[in-house]
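Engineer: The structure is given below, and queries will be raised subsequently.
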Amino acid sequence: MSIPIIVLGAGGHTKVLIDSLLAADINVVGITSINSHDINNKVYGINIIGNDESISRYSPESIRLVNGIGSTGKIEKRQRLFDYFKERGYSFASVIHPSAVISPDVQIDEGVQVMAGSVIQPGSVIKKNTIINTKVSVDHDCIIGAHVHLAPGVTISGGVCVEDAVHIGTGALVIQGIHIGKKCLIGAGSLVLNNIKEGSTVFGLPAREMNS
């Protein structure tokens, strides 16, 4: 019998996660929300049990957590939530939609989320607390760092390295062999043809750094 799951957060990304978990026949026992008016409501029939502090009622051995915080360019909130509960001894479950296609030799670390229709090809590594969103394609031998969000429809060609805390917007395309440094923001629909230095924000066809 699998360990019960509690999902942290009651926003739009949580709905997608709940759908994936239920499709995989995973036992979800509750959802947390920071909004007091949500308490005792339900999402897809799952009870909202309280705020994040309500997790303290459960021992780290009795449940596993799922990070329901998405991102629209700011990774920090999602990363802080993951680190907060890890420091308190809790573990995060990975969420894999049954329709995702993942090569058997792909390395998937703790708390990774792979949404419906995504494809991850051989030799790739997906590090902790990363979102591979709906219909993302990650080709062979890529390294996708921790706390990354690949938004819906992103295409990553072979041999790409995406470092930690990067957000790549909807429909962006990264050609083969590219290196993207930590804490970058790649705009939706961008075409990345060159390496991107740490902390950059880039947009366009081809992607160019935005003036701050």
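Letters A, B, ... go to the chains of the structure tokens in the order shown; residues in each chain start at 1; ligands are counted from 1 in the same order.
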Compile the contact shell of Arg208 in chain A as JSON, numbers by chain: residues with an atom at most 10 Å away, counting only C-alpha atoms, same-chain residues fewer than 6 positions apart removed.

Structural biologist: {"A": [186, 187, 190, 191, 192, 193, 194, 196, 200, 201, 202]}

Engineer: Taking the chain letters and numbering used in this document, name the residues of range 89-198 of chain A that DSSP puts in strand (DSSP E), as an MDAnalysis selection string.

Structural biologist: chainID A and resid 95:96 101:102 107:108 113:114 119:120 125:126 131:132 137:138 143:144 149:150 155:156 161:162 167:168 173:174 179:180 185:186 191:192

Engineer: So that I have them on file, write out the residues from the current selection with C-alpha atoms, as a PDB file, in the first residue's frame.

Structural biologist:
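Final output, saved to out.pdb:
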ATOM      1  CA  VAL A  95       4.180  12.888  -9.746  1.00  0.00           C
ATOM      2  CA  ILE A  96       4.194  11.212 -13.153  1.00  0.00           C
ATOM      3  CA  VAL A 101       6.655   8.889 -21.983  1.00  0.00           C
ATOM      4  CA  ILE A 102       9.906   8.508 -20.026  1.00  0.00           C
ATOM      5  CA  GLN A 107      17.075   9.812 -13.602  1.00  0.00           C
ATOM      6  CA  ILE A 108      14.188  11.498 -11.790  1.00  0.00           C
ATOM      7  CA  GLN A 113       6.478  16.461 -11.546  1.00  0.00           C
ATOM      8  CA  VAL A 114       5.959  15.239 -15.117  1.00  0.00           C
ATOM      9  CA  VAL A 119       8.352  13.054 -23.304  1.00  0.00           C
ATOM     10  CA  ILE A 120      11.790  12.596 -21.671  1.00  0.00           C
ATOM     11  CA  VAL A 125      18.542  13.771 -15.601  1.00  0.00           C
ATOM     12  CA  ILE A 126      15.714  15.721 -13.935  1.00  0.00           C
ATOM     13  CA  ILE A 131       8.156  20.722 -13.063  1.00  0.00           C
ATOM     14  CA  ILE A 132       8.070  19.180 -16.532  1.00  0.00           C
ATOM     15  CA  SER A 137       9.764  17.472 -24.802  1.00  0.00           C
ATOM     16  CA  VAL A 138      13.195  16.841 -23.257  1.00  0.00           C
ATOM     17  CA  ILE A 143      20.462  17.811 -17.497  1.00  0.00           C
ATOM     18  CA  ILE A 144      17.564  19.770 -16.002  1.00  0.00           C
ATOM     19  CA  HIS A 149       9.920  24.967 -14.349  1.00  0.00           C
ATOM     20  CA  LEU A 150       9.583  23.940 -17.991  1.00  0.00           C
ATOM     21  CA  THR A 155      11.014  21.825 -26.399  1.00  0.00           C
ATOM     22  CA  ILE A 156      14.531  21.035 -25.154  1.00  0.00           C
ATOM     23  CA  CYS A 161      22.069  21.778 -19.570  1.00  0.00           C
ATOM     24  CA  VAL A 162      19.571  23.883 -17.615  1.00  0.00           C
ATOM     25  CA  HIS A 167      11.889  29.226 -15.626  1.00  0.00           C
ATOM     26  CA  ILE A 168      11.400  28.494 -19.330  1.00  0.00           C
ATOM     27  CA  LEU A 173      12.511  26.098 -27.887  1.00  0.00           C
ATOM     28  CA  VAL A 174      16.135  25.434 -26.903  1.00  0.00           C
ATOM     29  CA  HIS A 179      23.855  25.808 -21.473  1.00  0.00           C
ATOM     30  CA  ILE A 180      21.442  27.962 -19.427  1.00  0.00           C
ATOM     31  CA  LEU A 185      13.989  33.501 -17.156  1.00  0.00           C
ATOM     32  CA  ILE A 186      13.337  32.457 -20.746  1.00  0.00           C
ATOM     33  CA  LEU A 191      14.063  30.492 -29.532  1.00  0.00           C
ATOM     34  CA  VAL A 192      17.319  29.931 -27.626  1.00  0.00           C
TER      35      VAL A 192
END

Engineer: Counting only C-alpha atoms, what is within 12 Å of Tyr58 in chain A, bar same-chain residues fewer than 5 positions away, as number ranges by chain?

Structural biologist: A: 4-6, 29-30, 49, 52-53, 63-65, 88-90

Engineer: I'd like to know which of A:Lys128, A:Lys197, A:His140, A:Lys86 is closest to Val106 in chain A, using only C-alpha atoms.

Structural biologist: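 The answer is A:His140, which sits nearest to Val106 in chain A.
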
Engineer: Write out as JSON, numbers by chain the residues lying within 6 Å of Ser118 in chain A, counting only C-alpha atoms and excluding same-chain residues fewer than 6 positions away.

Structural biologist: {"A": [100, 134, 135, 136, 137]}

Engineer: Next, the residues of the selection above should be written as a compact mmCIF listing (two decimals), in the first residue's frame with C-alpha atoms.

Structural biologist:
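Produced file again_5.txt, reproduced below:
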# COMPACT_ATOMS: atom_id res chain seq x y z
CA ALA A 100 4.01 10.75 -19.98
CA THR A 134 2.11 19.54 -20.10
CA LYS A 135 3.50 18.32 -23.47
CA VAL A 136 7.11 19.26 -22.73
CA SER A 137 9.76 17.47 -24.80

Engineer: Between CA of Asp19 in chain A and CA of Asn129 in chain A, what distance in Å does the model show, to one decimal?

Structural biologist: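 Atom-to-atom, CA of Asp19 in chain A to CA of Asn129 in chain A, that is 18.4 Å.
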
Engineer: With only C-alpha atoms as the basis for distance, which of A:Ala172, A:Ile75, A:Ala116, A:Cys184 is at the shortest distance from Val154 in chain A?

Structural biologist: A:Ala172

Engineer: Between A:Pro98, A:Gly171, A:Gly111, A:Gly159, which is the closest to Gln79 in chain A once you count only C-alpha atoms?

Structural biologist: A:Gly111

Engineer: Determine which residues of chain A receive a DSSP assignment of alpha helix (DSSP H), computed from the backbone, and state them as a PyMOL selection string.

Structural biologist: chain A and resi 12-23+76-87

Engineer: Please, could you write that set of residues out with C-alpha atoms as a tab-separated table (two decimals), in the first residue's frame?

Structural biologist:
chain	number	residue	atom	x	y	z
A	12	GLY	CA	-4.39	25.90	-10.52
A	13	HIS	CA	-1.24	23.78	-10.51
A	14	THR	CA	-2.71	21.67	-7.70
A	15	LYS	CA	-5.70	20.82	-9.90
A	16	VAL	CA	-3.34	19.45	-12.56
A	17	LEU	CA	-1.43	17.47	-9.94
A	18	ILE	CA	-4.59	16.02	-8.41
A	19	ASP	CA	-5.71	14.91	-11.86
A	20	SER	CA	-2.36	13.18	-12.41
A	21	LEU	CA	-2.36	11.55	-8.96
A	22	LEU	CA	-5.90	10.24	-9.30
A	23	ALA	CA	-5.15	8.96	-12.82
A	76	GLU	CA	11.63	31.23	-5.03
A	77	LYS	CA	8.28	30.53	-3.35
A	78	ARG	CA	8.16	26.98	-4.64
A	79	GLN	CA	11.79	26.35	-3.64
A	80	ARG	CA	11.29	27.82	-0.14
A	81	LEU	CA	8.30	25.56	0.49
A	82	PHE	CA	10.26	22.48	-0.59
A	83	ASP	CA	13.27	23.40	1.58
A	84	TYR	CA	11.08	24.26	4.59
A	85	PHE	CA	9.53	20.80	4.78
A	86	LYS	CA	12.73	18.96	3.88
A	87	GLU	CA	14.42	20.62	6.86

Engineer: Work out how far CA of Ile48 in chain A is from CA of Ser33 in chain A, in Å to one decimal.

Structural biologist: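 According to the coordinates, CA of Ser33 in chain A and CA of Ile48 in chain A are separated by 6.8 Å.
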
Engineer: Name the closest residue to Met115 in chain A among the candidates A:Gly199, A:Ser62, A:Ile55, A:Ala24; distances are taken between atoms, counting only C-alpha atoms.

Structural biologist: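 Closest to Met115 in chain A, using only C-alpha atoms: A:Ala24.
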
Engineer: Hey, which of A:Gly11, A:Gly50, A:Gly145, A:Pro104 ends up closest to Thr130 in chain A? Count only C-alpha atoms.

Structural biologist: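 Ranking A:Gly11, A:Gly50, A:Gly145, A:Pro104 by distance to Thr130 in chain A, first place goes to A:Gly145.
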